[in-house]
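Report on the structure given below.
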Amino acid sequence: MNTQSIPQLNQYQVAALRTAPVASLEHDLLHAAMGLVTESAELMDALKKRHAYGRPLDYTNLREEGGDLLWYIALLCRALDCTMEQVATMNIQKLAKRYPDKFTEHAALNRDLDAERKVLESAP
């Protein structure tokens, strides 16, 4: 597992949360969830305009939406009292369990959810 760039996520998280209001756990969870849905919809809208109307993709805008999604992930992590590094590492470990060698449709359709849950529960 190559996690060479993952520590930079924690640096991002600190910098991003400098711009977040200080709030309660419940507020952060709701703010993060609503923001992730909103930013995902903005990303989808850009793709819809390409698909339905033939507009060119605006890669600058798509990157900006990706950055906004990261900001809300940082807020979610604050609410869950974890770091982005922890969440990223846990996700990679889960995916390694699901796809030991590489992605396959068979593995995607025949997931061992109990084994994946054990990986998630044993993560730091």
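Labels for the structure tokens follow display order: chains A, B, ..., residues from 1 in each chain, ligands from 1.
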Residues within 12 Å of A:Thr38, only C-alpha atoms, excluding chain neighbours under 3 positions, as number ranges by chain: A: 31-35, 41-45, 65-66, 68-69, 72
Take the residues from that selection and write them out as a compact mmCIF listing (two decimals), in the first residue's frame, keeping all heavy atoms.
```txt
# COMPACT_ATOMS: atom_id res chain seq x y z
N HIS A 31 -23.79 20.00 8.43
CA HIS A 31 -23.16 20.93 7.49
C HIS A 31 -22.34 20.14 6.45
O HIS A 31 -22.43 20.40 5.25
CB HIS A 31 -22.29 21.91 8.27
CG HIS A 31 -21.70 23.01 7.45
ND1 HIS A 31 -20.82 23.91 7.99
CD2 HIS A 31 -21.83 23.37 6.15
CE1 HIS A 31 -20.45 24.77 7.06
NE2 HIS A 31 -21.05 24.46 5.93
N ALA A 32 -21.56 19.17 6.92
CA ALA A 32 -20.73 18.37 6.02
C ALA A 32 -21.60 17.56 5.06
O ALA A 32 -21.34 17.54 3.85
CB ALA A 32 -19.82 17.44 6.82
N ALA A 33 -22.62 16.91 5.57
CA ALA A 33 -23.48 16.07 4.71
C ALA A 33 -24.20 16.92 3.66
O ALA A 33 -24.24 16.57 2.47
CB ALA A 33 -24.48 15.30 5.56
N MET A 34 -24.75 18.05 4.09
CA MET A 34 -25.45 18.92 3.13
C MET A 34 -24.47 19.47 2.10
O MET A 34 -24.78 19.54 0.91
CB MET A 34 -26.16 20.06 3.86
CG MET A 34 -27.36 19.60 4.65
SD MET A 34 -28.35 20.95 5.36
CE MET A 34 -27.17 21.83 6.36
N GLY A 35 -23.28 19.86 2.56
CA GLY A 35 -22.29 20.40 1.63
C GLY A 35 -21.83 19.37 0.62
O GLY A 35 -21.64 19.68 -0.56
N ALA A 41 -23.84 17.71 -6.47
CA ALA A 41 -24.83 18.14 -7.45
C ALA A 41 -24.23 19.15 -8.42
O ALA A 41 -24.53 19.12 -9.62
CB ALA A 41 -26.06 18.72 -6.75
N GLU A 42 -23.38 20.04 -7.93
CA GLU A 42 -22.73 21.01 -8.82
C GLU A 42 -21.80 20.29 -9.80
O GLU A 42 -21.73 20.65 -10.98
CB GLU A 42 -21.98 22.06 -8.00
CG GLU A 42 -22.92 22.99 -7.26
CD GLU A 42 -22.20 24.05 -6.44
OE1 GLU A 42 -20.99 24.29 -6.66
OE2 GLU A 42 -22.85 24.66 -5.57
N LEU A 43 -21.10 19.29 -9.33
CA LEU A 43 -20.25 18.48 -10.20
C LEU A 43 -21.11 17.78 -11.26
O LEU A 43 -20.80 17.78 -12.45
CB LEU A 43 -19.47 17.46 -9.36
CG LEU A 43 -18.57 16.49 -10.11
CD1 LEU A 43 -17.42 17.23 -10.78
CD2 LEU A 43 -18.04 15.44 -9.14
N MET A 44 -22.21 17.18 -10.82
CA MET A 44 -23.10 16.48 -11.75
C MET A 44 -23.71 17.45 -12.76
O MET A 44 -23.88 17.10 -13.94
CB MET A 44 -24.20 15.75 -10.97
CG MET A 44 -25.11 14.92 -11.86
SD MET A 44 -24.23 13.68 -12.85
CE MET A 44 -23.90 12.48 -11.60
N ASP A 45 -24.03 18.66 -12.34
CA ASP A 45 -24.61 19.64 -13.25
C ASP A 45 -23.64 19.96 -14.38
O ASP A 45 -24.04 20.08 -15.55
CB ASP A 45 -25.00 20.91 -12.50
CG ASP A 45 -25.73 21.89 -13.39
OD1 ASP A 45 -26.78 21.51 -13.96
OD2 ASP A 45 -25.26 23.04 -13.54
N GLU A 65 -14.81 22.08 -7.84
CA GLU A 65 -15.84 21.29 -7.15
C GLU A 65 -15.20 20.16 -6.36
O GLU A 65 -15.62 19.86 -5.23
CB GLU A 65 -16.87 20.74 -8.14
CG GLU A 65 -17.64 21.79 -8.94
CD GLU A 65 -18.36 22.83 -8.11
OE1 GLU A 65 -18.55 22.65 -6.89
OE2 GLU A 65 -18.75 23.86 -8.69
N GLY A 66 -14.17 19.53 -6.92
CA GLY A 66 -13.44 18.49 -6.18
C GLY A 66 -12.83 19.05 -4.91
O GLY A 66 -12.86 18.41 -3.85
N ASP A 68 -13.95 21.63 -3.23
CA ASP A 68 -15.04 21.89 -2.28
C ASP A 68 -15.47 20.59 -1.59
O ASP A 68 -15.76 20.58 -0.39
CB ASP A 68 -16.23 22.52 -2.99
CG ASP A 68 -15.96 23.96 -3.42
OD1 ASP A 68 -14.98 24.56 -2.95
OD2 ASP A 68 -16.74 24.48 -4.26
N LEU A 69 -15.50 19.49 -2.33
CA LEU A 69 -15.83 18.20 -1.73
C LEU A 69 -14.81 17.83 -0.65
O LEU A 69 -15.17 17.35 0.43
CB LEU A 69 -15.91 17.11 -2.80
CG LEU A 69 -17.16 17.18 -3.69
CD1 LEU A 69 -16.96 16.35 -4.96
CD2 LEU A 69 -18.39 16.72 -2.93
N TYR A 72 -15.48 19.69 2.59
CA TYR A 72 -16.55 19.11 3.39
C TYR A 72 -16.14 17.77 4.01
O TYR A 72 -16.60 17.43 5.10
CB TYR A 72 -17.84 18.98 2.56
CG TYR A 72 -18.53 20.31 2.41
CD1 TYR A 72 -18.52 20.98 1.19
CD2 TYR A 72 -19.15 20.93 3.49
CE1 TYR A 72 -19.14 22.22 1.06
CE2 TYR A 72 -19.76 22.17 3.37
CZ TYR A 72 -19.75 22.80 2.15
OH TYR A 72 -20.36 24.03 2.03
```
Report as a Markdown table the residues of stretch 29-93 of chain A within 10 Å of stretch 107-121 of chain A, each with its shortest atom pair and distance in Å (one decimal), using only C-alpha atoms, ordered by chain and increasing residue number.
```
| residue | atom | partner | partner_atom | distance |
| --- | --- | --- | --- | --- |
| A:Val87 | CA | A:Leu120 | CA | 9.7 |
| A:Thr89 | CA | A:Leu120 | CA | 9.9 |
| A:Met90 | CA | A:Leu120 | CA | 6.2 |
| A:Asn91 | CA | A:Leu120 | CA | 8.0 |
| A:Gln93 | CA | A:Val119 | CA | 6.9 |
```
Would you output that residue set with C-alpha atoms, as a tab-separated table (two decimals), in the first residue's frame?
```tsv
chain	number	residue	atom	x	y	z
A	87	VAL	CA	-10.15	7.85	6.70
A	89	THR	CA	-5.92	4.72	5.04
A	90	MET	CA	-9.01	2.87	6.26
A	91	ASN	CA	-10.54	3.17	2.80
A	93	GLN	CA	-7.32	-1.13	3.55
```
Using only C-alpha atoms: which of A:Leu57, A:Val37, A:Ala123, A:Leu80 has the shortest distance to A:Ile92: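 Distance minimum relative to A:Ile92 lands on A:Ala123.
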8 Å contact set for A:Gln13, only C-alpha atoms, chain neighbours under 2 positions out, as a PDB file with N, CA, C and O atoms, in the first residue's frame:
```pdb
ATOM      1  N   LEU A   9      -2.776  15.003   3.471  1.00  0.00           N
ATOM      2  CA  LEU A   9      -4.195  15.197   3.742  1.00  0.00           C
ATOM      3  C   LEU A   9      -4.408  15.869   5.094  1.00  0.00           C
ATOM      4  O   LEU A   9      -5.295  16.707   5.243  1.00  0.00           O
ATOM      5  N   ASN A  10      -3.610  15.498   6.077  1.00  0.00           N
ATOM      6  CA  ASN A  10      -3.766  16.112   7.395  1.00  0.00           C
ATOM      7  C   ASN A  10      -3.377  17.585   7.355  1.00  0.00           C
ATOM      8  O   ASN A  10      -4.001  18.411   8.025  1.00  0.00           O
ATOM      9  N   GLN A  11      -2.363  17.925   6.574  1.00  0.00           N
ATOM     10  CA  GLN A  11      -1.986  19.326   6.415  1.00  0.00           C
ATOM     11  C   GLN A  11      -3.122  20.087   5.733  1.00  0.00           C
ATOM     12  O   GLN A  11      -3.444  21.217   6.114  1.00  0.00           O
ATOM     13  N   ALA A  15      -5.457  23.248   7.276  1.00  0.00           N
ATOM     14  CA  ALA A  15      -5.613  24.500   6.523  1.00  0.00           C
ATOM     15  C   ALA A  15      -7.074  24.755   6.158  1.00  0.00           C
ATOM     16  O   ALA A  15      -7.559  25.891   6.257  1.00  0.00           O
ATOM     17  N   ALA A  16      -7.788  23.712   5.766  1.00  0.00           N
ATOM     18  CA  ALA A  16      -9.189  23.872   5.376  1.00  0.00           C
ATOM     19  C   ALA A  16     -10.056  24.260   6.568  1.00  0.00           C
ATOM     20  O   ALA A  16     -10.896  25.163   6.468  1.00  0.00           O
ATOM     21  N   LEU A  17      -9.835  23.600   7.694  1.00  0.00           N
ATOM     22  CA  LEU A  17     -10.690  23.854   8.853  1.00  0.00           C
ATOM     23  C   LEU A  17     -10.445  25.218   9.479  1.00  0.00           C
ATOM     24  O   LEU A  17     -11.271  25.707  10.256  1.00  0.00           O
ATOM     25  N   TRP A  71     -13.098  19.895   1.149  1.00  0.00           N
ATOM     26  CA  TRP A  71     -13.333  20.765   2.300  1.00  0.00           C
ATOM     27  C   TRP A  71     -14.407  20.168   3.201  1.00  0.00           C
ATOM     28  O   TRP A  71     -14.257  20.117   4.423  1.00  0.00           O
ATOM     29  N   ALA A  74     -13.130  17.240   5.120  1.00  0.00           N
ATOM     30  CA  ALA A  74     -12.361  17.701   6.284  1.00  0.00           C
ATOM     31  C   ALA A  74     -13.298  18.037   7.437  1.00  0.00           C
ATOM     32  O   ALA A  74     -13.025  17.689   8.595  1.00  0.00           O
ATOM     33  N   THR A  83      -8.838  11.994  11.443  1.00  0.00           N
ATOM     34  CA  THR A  83      -8.142  12.766  10.417  1.00  0.00           C
ATOM     35  C   THR A  83      -8.486  12.231   9.037  1.00  0.00           C
ATOM     36  O   THR A  83      -8.932  11.082   8.884  1.00  0.00           O
ATOM     37  N   MET A  84      -8.238  13.060   8.050  1.00  0.00           N
ATOM     38  CA  MET A  84      -8.424  12.619   6.671  1.00  0.00           C
ATOM     39  C   MET A  84      -7.465  11.476   6.358  1.00  0.00           C
ATOM     40  O   MET A  84      -7.805  10.569   5.608  1.00  0.00           O
TER      41      MET A  84
END
```
Residue nearest A:Glu85 among A:Thr104, A:Ala20, A:Pro124, A:Tyr53 (counting only C-alpha atoms): A:Pro124
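Using only C-alpha atoms, the shortest contact distance between A:His27 and any of A:Leu47, A:Ala96, A:Ala88, A:Arg78 is found at A:Arg78.
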